[in-house]
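A.B. asks: Structure provided below as structure tokens; questions to follow.
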Amino acid sequence: MVKLDKMFKPDSVAIIGASDSEGKIGYIIVDNMITCGFAGKIFPINPKSDEIQGLKAYKSVSDLPEVPDLAVICIPSFGVNGVLEECGQNGVKNVVVITAGFKEVGGEGIELENQLIEIKDKYGLNIIGPNSLGITDSQTPLNGSFSQSMSPKGNMAFVSQSGAMMVAIIDWSKISGIGFSKCISLGNKAGINEIELIQELADDDDTAVILLYLESVTEDKNFIKTIREVSKKKPIVVLKSGSSAAGAAAASSHTGALAGSDNAFTTSFRQSGIFRVETMDELFKVGLAFSNCPLPKGSNVGIITNAGGGGVISVDAMEKCGLEIAKLSSETKKQLDEVIPEEGTSNNPIDVLGDAPVSRYEDTLNILLHSDDVDSLIVIVCPTAKADTNGIVDSLVEEYKKCDNKPVLVVNMGGPSFEYANEVLMENGIPTYVFPEAAIEALSYLTRFAELQDRKYDYPVENLTDVDKDAVSKIFDKVKADGRDTLLGSEAYAVAEAYGISAAPIKLATSADEAGKLAEEMEFPVVLKIASDKILHKSDIGGVKVGINSVDEAKAAFDEIIANAKAVHPDITPDGVEVQKMMDTGIEVLVGMIRDKQFGPMIAFGMGGIYVNLIEDVEFQIANGLTSDEIDQLMENTKVYKLLEGFRGEAPGDIDEVKDTIKRVARLTLDFDEISELDINPIFVYEKGSSALDIKIKL
């Protein structure tokens, strides 16, 4: 893990490309460093100047009186790598490259960035950029960016892959009252990436929550395990743009078609403990809650409202977010009945009525804040003619100070009526929202993060030892030597057998006599089907025969299948005919894998059979770092799991057997990077045991 403390808290900063000409980036950065109140040394570097903005200027990094902790580069792209080389030679370790004109422009820019990476690696430089807006740290203070100003102080860190997004957020922070500990523009991520920044910020005392706007995620097959180490320390909230389902169309398996191109991000974020949001508005509303609130001890929510509609909306939103309406004890209700008129209600949501004076809010708050029935509170205020919005908020702040161990989120449903109230709440660290849904959603993230604190990670896939990796390697070598990328059914069965995956036996026959012999050895009845990776829809051409019950039937079926195949596909020479043991039917499930470029194998589980793409009852988990709890969730989040439990008196399926199959598929696809897609559909699950019928493996 890289250490970036001197990147954000340097004692000295060199600005390479500093300028005295207003409007130039080199001028803006020097001005920002001076204006923000940076207490360390500022070294402007420009070979044509002796003094810049009242500061002694230097010709080059080599001329500096000391090695700066941080260098900010803002010269034309063709000169950047030469300056980087000089930084490395002189012992500079931390560099922000503002300059654009690298990979993002293509052509020569790509080559320039490749050279930059070589220099970075040569000298062990920590580089943010190129094509970066820069970095700010409100606590240092440091403004090594070309934004117009720096955000107010706060405890939220904002990391953005878009410089424009970062400068807009800094500008917006001036009117929103939101403050940041650090704002970091990633640029092209040729050096420091978002994973390394998350690790750094997780140990940053100035930061309570890490917010990220990302357009891509750095390729790292250990992403989940890496982020798990830090996601318990600090909440990580990500807005990932660029989602699209177009990639699913290119997949050849059921699993690939069901996965979708954006599913891997959602899945990996969930498994690693990252919270993914859908909009910029949501990103900062959730961040605001983490920035100010203590964590709830449970999911039981109390709601106080002077408007019945607000309470109903809140309950609906809670159900979607997985929160619980707190069930109030008889003692709590008795206390509430003493302060709420009969026309109101002491049932949660608690309606204090539209004419509620300040004292009624105050008394109700006092009761719920001290009640063990309630883990967190939503307070809704509607500006009725009788509502003293200013008085209510003053009272709320006072009550909260007496018992600040529970999160309280306020919904002020209005505009100008709450100008004073919202300002007071912001000053006292109590998040405020205009509508209940946003508050409930933010509270759900607090609750989920609290649950992460008790999360335990085991890695059952890594503990499997009864697998024969060498046997599978030999099968794959043969397939590749034959110039194929898809395994025959008999080869796929042999792979399953090597990894302990229960499957109906399949053997390849190259003659009618061999088909008869194999069928007899398997015990009747059997199925015969054409063996060819070039014939996709075998049943459509008469390439499948079921219910074969004798040697003679098997021989005749072999000849008929070969003849049918040649009639329809005279240009294709089949590999033979596969003989498979017919199995009793059971509950049909699917276990599969699609390999994601960034996160590796994604394991799928869901309803199997011929309607798999129609019903789309499937869930995904990333294989690398898969835990026992996640295997449980993978299954329990599907409808077919109800069938496995035993639905309406039907016999249950062997759930432990399916879990074992999932582990073994995960292990197989982690062991062999060349497997691009794997599909086992259907698997017949019995009361005891299971049997995979159709296994497709694509390399």
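Here's how to read the names in the structure tokens: chain A, B, ... by the order shown, residue numbers from 1 in each chain, ligand numbers from 1 in the order shown.
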For Val640 in chain A, find every residue with an atom within 7 Å (counting only C-alpha atoms), except residues of its own chain fewer than 4 positions away, and show them as an MDAnalysis selection string.
C.D. replies: chainID A and resid 606:607 644
A.B. asks: Could you save the residues just selected, with all heavy atoms, as a PDB file, in the first residue's frame?
C.D. replies:
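New file part.pdb:
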ATOM      1  N   GLY A 606     -29.686 -19.801 -10.196  1.00  0.00           N
ATOM      2  CA  GLY A 606     -31.084 -19.446 -10.386  1.00  0.00           C
ATOM      3  C   GLY A 606     -31.895 -20.617 -10.880  1.00  0.00           C
ATOM      4  O   GLY A 606     -31.446 -21.772 -10.873  1.00  0.00           O
ATOM      5  N   MET A 607     -33.098 -20.315 -11.330  1.00  0.00           N
ATOM      6  CA  MET A 607     -33.982 -21.338 -11.871  1.00  0.00           C
ATOM      7  C   MET A 607     -33.427 -21.847 -13.193  1.00  0.00           C
ATOM      8  O   MET A 607     -33.044 -21.064 -14.051  1.00  0.00           O
ATOM      9  CB  MET A 607     -35.384 -20.765 -12.064  1.00  0.00           C
ATOM     10  CG  MET A 607     -36.410 -21.779 -12.556  1.00  0.00           C
ATOM     11  SD  MET A 607     -38.072 -21.062 -12.637  1.00  0.00           S
ATOM     12  CE  MET A 607     -38.446 -20.889 -10.883  1.00  0.00           C
ATOM     13  N   LEU A 644     -36.573 -25.277  -3.426  1.00  0.00           N
ATOM     14  CA  LEU A 644     -35.572 -26.111  -2.755  1.00  0.00           C
ATOM     15  C   LEU A 644     -35.903 -26.302  -1.281  1.00  0.00           C
ATOM     16  O   LEU A 644     -35.567 -27.336  -0.690  1.00  0.00           O
ATOM     17  CB  LEU A 644     -34.178 -25.493  -2.903  1.00  0.00           C
ATOM     18  CG  LEU A 644     -33.580 -25.495  -4.316  1.00  0.00           C
ATOM     19  CD1 LEU A 644     -32.300 -24.681  -4.353  1.00  0.00           C
ATOM     20  CD2 LEU A 644     -33.319 -26.916  -4.801  1.00  0.00           C
TER      21      LEU A 644
END
A.B. asks: Go through range 180-294 of chain A residue by residue and, counting only C-alpha atoms, keep those with an atom at most 10 Å from range 139-160 of chain A; for each kept residue give the shortest atom pair and its distance in Å to one decimal, ordered by chain and increasing number, as CSV.
C.D. replies:
residue,atom,partner,partner_atom,distance
A:Phe180,CA,A:Gly154,CA,4.1
A:Ser181,CA,A:Asn155,CA,4.8
A:Lys182,CA,A:Ala157,CA,4.7
A:Cys183,CA,A:Phe158,CA,4.8
A:Ile184,CA,A:Val159,CA,4.7
A:Ser185,CA,A:Ser160,CA,5.0
A:Leu186,CA,A:Ser160,CA,6.0
A:Gly187,CA,A:Ser160,CA,8.1
A:Glu194,CA,A:Val159,CA,7.6
A:Leu197,CA,A:Val159,CA,8.2
A:Ile198,CA,A:Val159,CA,9.0
A:Leu201,CA,A:Ala157,CA,7.6
A:Asp204,CA,A:Ala157,CA,9.6
A:Asp205,CA,A:Asn155,CA,8.9
A:Asp206,CA,A:Asn155,CA,5.8
A:Thr207,CA,A:Asn155,CA,4.6
A:Ala208,CA,A:Asn155,CA,5.3
A:Val209,CA,A:Met156,CA,5.1
A:Ile210,CA,A:Ala157,CA,5.0
A:Leu211,CA,A:Phe158,CA,4.8
A:Leu212,CA,A:Val159,CA,4.7
A:Tyr213,CA,A:Ser160,CA,4.7
A:Leu214,CA,A:Ser160,CA,6.3
A:Glu215,CA,A:Ser160,CA,8.9
A:Ile236,CA,A:Ala157,CA,9.8
A:Val237,CA,A:Phe158,CA,9.7
A:Val238,CA,A:Val159,CA,9.4
A:Leu239,CA,A:Ser160,CA,9.6
A:Phe284,CA,A:Met156,CA,9.3
A:Gly287,CA,A:Met156,CA,7.0
A:Leu288,CA,A:Met156,CA,8.1
A:Phe290,CA,A:Met156,CA,8.6
A:Ser291,CA,A:Asn155,CA,6.3
A:Asn292,CA,A:Asn155,CA,8.8
A.B. asks: Which of these, A:Lys581, A:Val30, A:Asn681, A:Asn81, has the shortest distance to Glu520 in chain A once you count only C-alpha atoms?
C.D. replies: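 Distance minimum relative to Glu520 in chain A lands on A:Lys581.
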A.B. asks: Mind checking which residues fall within 9 Å of Arg228 in chain A, counting only C-alpha atoms, ignoring those fewer than 5 positions away in the same chain, and posting them as a list in words?
C.D. replies: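 Selected residues are Phe223, Gln271, Ser272, Gly273 and Ile274 of chain A.
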A.B. asks: Would you give me, as JSON, numbers by chain, the residues in range 48-278 of chain A that DSSP reads as strand (DSSP E)?
C.D. replies: {"A": [51, 52, 55, 56, 70, 71, 72, 73, 94, 95, 96, 97, 126, 127, 128, 134, 135, 136, 137, 142, 143, 144, 145, 153, 154, 155, 156, 157, 158, 159, 160, 180, 181, 182, 183, 184, 185, 209, 210, 211, 212, 213, 214, 236, 237, 238, 239, 240, 275, 276, 277]}
A.B. asks: From the options A:Ser138, A:Gly23, A:Pro65, A:Glu108, which residue's atoms come nearest to Gly37 in chain A, counting only C-alpha atoms?
C.D. replies: A:Ser138
A.B. asks: Check which residues of range 418-517 of chain A sit at most 12 Å from range 667-680 of chain A using only C-alpha atoms, and return one row each with the closest pair of atoms and their distance in Å to one decimal, ordered by chain and rising number, as a tab-separated table.
C.D. replies:
residue	atom	partner	partner_atom	distance
A:Tyr459	CA	A:Arg667	CA	10.8
A:Pro460	CA	A:Arg667	CA	9.5
A:Val461	CA	A:Arg667	CA	5.7
A:Glu462	CA	A:Arg667	CA	7.1
A:Asn463	CA	A:Arg667	CA	9.4
A:Leu464	CA	A:Arg667	CA	7.7
A:Thr465	CA	A:Arg667	CA	9.9
A:Asp466	CA	A:Arg667	CA	10.9
A:Val467	CA	A:Leu668	CA	8.6
A:Asp468	CA	A:Leu668	CA	9.8
A:Lys469	CA	A:Asp671	CA	7.8
A:Asp470	CA	A:Asp671	CA	10.8
A:Ala471	CA	A:Leu668	CA	11.9
A:Val472	CA	A:Phe672	CA	9.0
A:Ser473	CA	A:Phe672	CA	8.4
A:Ile475	CA	A:Phe672	CA	11.9
A:Phe476	CA	A:Glu674	CA	8.9
A:Asp477	CA	A:Glu674	CA	10.9
A:Val479	CA	A:Glu674	CA	11.7
A:Lys480	CA	A:Glu674	CA	10.5
A:Asp485	CA	A:Ile675	CA	9.4
A:Thr486	CA	A:Glu677	CA	9.6
A:Leu487	CA	A:Leu678	CA	10.2
A:Gly489	CA	A:Ile680	CA	11.0
A:Ala492	CA	A:Leu678	CA	9.6
A:Tyr493	CA	A:Ile680	CA	10.4
A:Val495	CA	A:Leu668	CA	8.9
A:Ala496	CA	A:Leu668	CA	8.9
A:Glu497	CA	A:Leu668	CA	11.3
A:Ala498	CA	A:Leu668	CA	9.6
A:Tyr499	CA	A:Leu668	CA	7.0
A:Gly500	CA	A:Leu668	CA	10.1
A:Ile501	CA	A:Leu668	CA	10.0
A:Ser502	CA	A:Ile680	CA	10.8
A:Ala503	CA	A:Ile680	CA	9.4
A:Ala504	CA	A:Ile680	CA	11.5
A.B. asks: Would you mind listing what lies within 6 Å of range 333-350 of chain A as an mmCIF file with N, CA, C and O atoms, in the first residue's frame, with only C-alpha atoms counted and same-chain residues fewer than 3 positions away left out?
C.D. replies:
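What follows is the written file around24.cif:
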data_model
loop_
_atom_site.group_PDB
_atom_site.id
_atom_site.type_symbol
_atom_site.label_atom_id
_atom_site.label_comp_id
_atom_site.auth_asym_id
_atom_site.auth_seq_id
_atom_site.Cartn_x
_atom_site.Cartn_y
_atom_site.Cartn_z
ATOM 1 N N ILE A 303 -40.833 7.335 13.727
ATOM 2 C CA ILE A 303 -41.192 8.463 12.859
ATOM 3 C C ILE A 303 -42.124 9.392 13.616
ATOM 4 O O ILE A 303 -43.151 8.962 14.152
ATOM 5 N N ILE A 304 -41.751 10.670 13.668
ATOM 6 C CA ILE A 304 -42.607 11.708 14.258
ATOM 7 C C ILE A 304 -43.030 12.632 13.135
ATOM 8 O O ILE A 304 -42.186 13.118 12.374
ATOM 9 N N GLY A 311 -45.999 10.453 7.014
ATOM 10 C CA GLY A 311 -45.768 9.181 7.697
ATOM 11 C C GLY A 311 -45.997 8.001 6.777
ATOM 12 O O GLY A 311 -45.215 7.042 6.764
ATOM 13 N N SER A 330 -45.623 -1.044 25.426
ATOM 14 C CA SER A 330 -46.784 -0.434 26.096
ATOM 15 C C SER A 330 -46.352 0.737 26.970
ATOM 16 O O SER A 330 -47.068 1.744 27.085
ATOM 17 N N LEU A 353 -50.082 15.675 15.060
ATOM 18 C CA LEU A 353 -51.133 16.543 14.504
ATOM 19 C C LEU A 353 -50.583 17.851 13.938
ATOM 20 O O LEU A 353 -49.531 18.352 14.357
#
A.B. asks: When you count only C-alpha atoms, which of these residues is closest to Ser49 in chain A: A:Gly17, A:Pro294, A:Pro68, A:Gly653?
C.D. replies: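 That would be A:Gly17, the residue with the smallest distance to Ser49 in chain A.
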A.B. asks: Could you pull the residues within 8 Å of range 384-394 of chain A, counting only C-alpha atoms, minus those fewer than 3 positions along the same chain, as a list in words?
C.D. replies: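 Everything that qualifies: Gly354, Asp355, Ala356, Pro357, Val358, Tyr361, Glu362, Val381, Val397, Glu398, Ser417, Phe418, Tyr420, Ala421, Val424 and Leu425 of chain A.
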A.B. asks: Give me, please, the distance in Å between CA of Ile530 in chain A and CA of Gly543 in chain A, quoted to one decimal.
C.D. replies: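 According to the coordinates, CA of Ile530 in chain A and CA of Gly543 in chain A are separated by 5.1 Å.
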A.B. asks: One decimal, in Å: what's the spacing between CA of Thr35 in chain A and CA of Ile15 in chain A?
C.D. replies: 14.7 Å
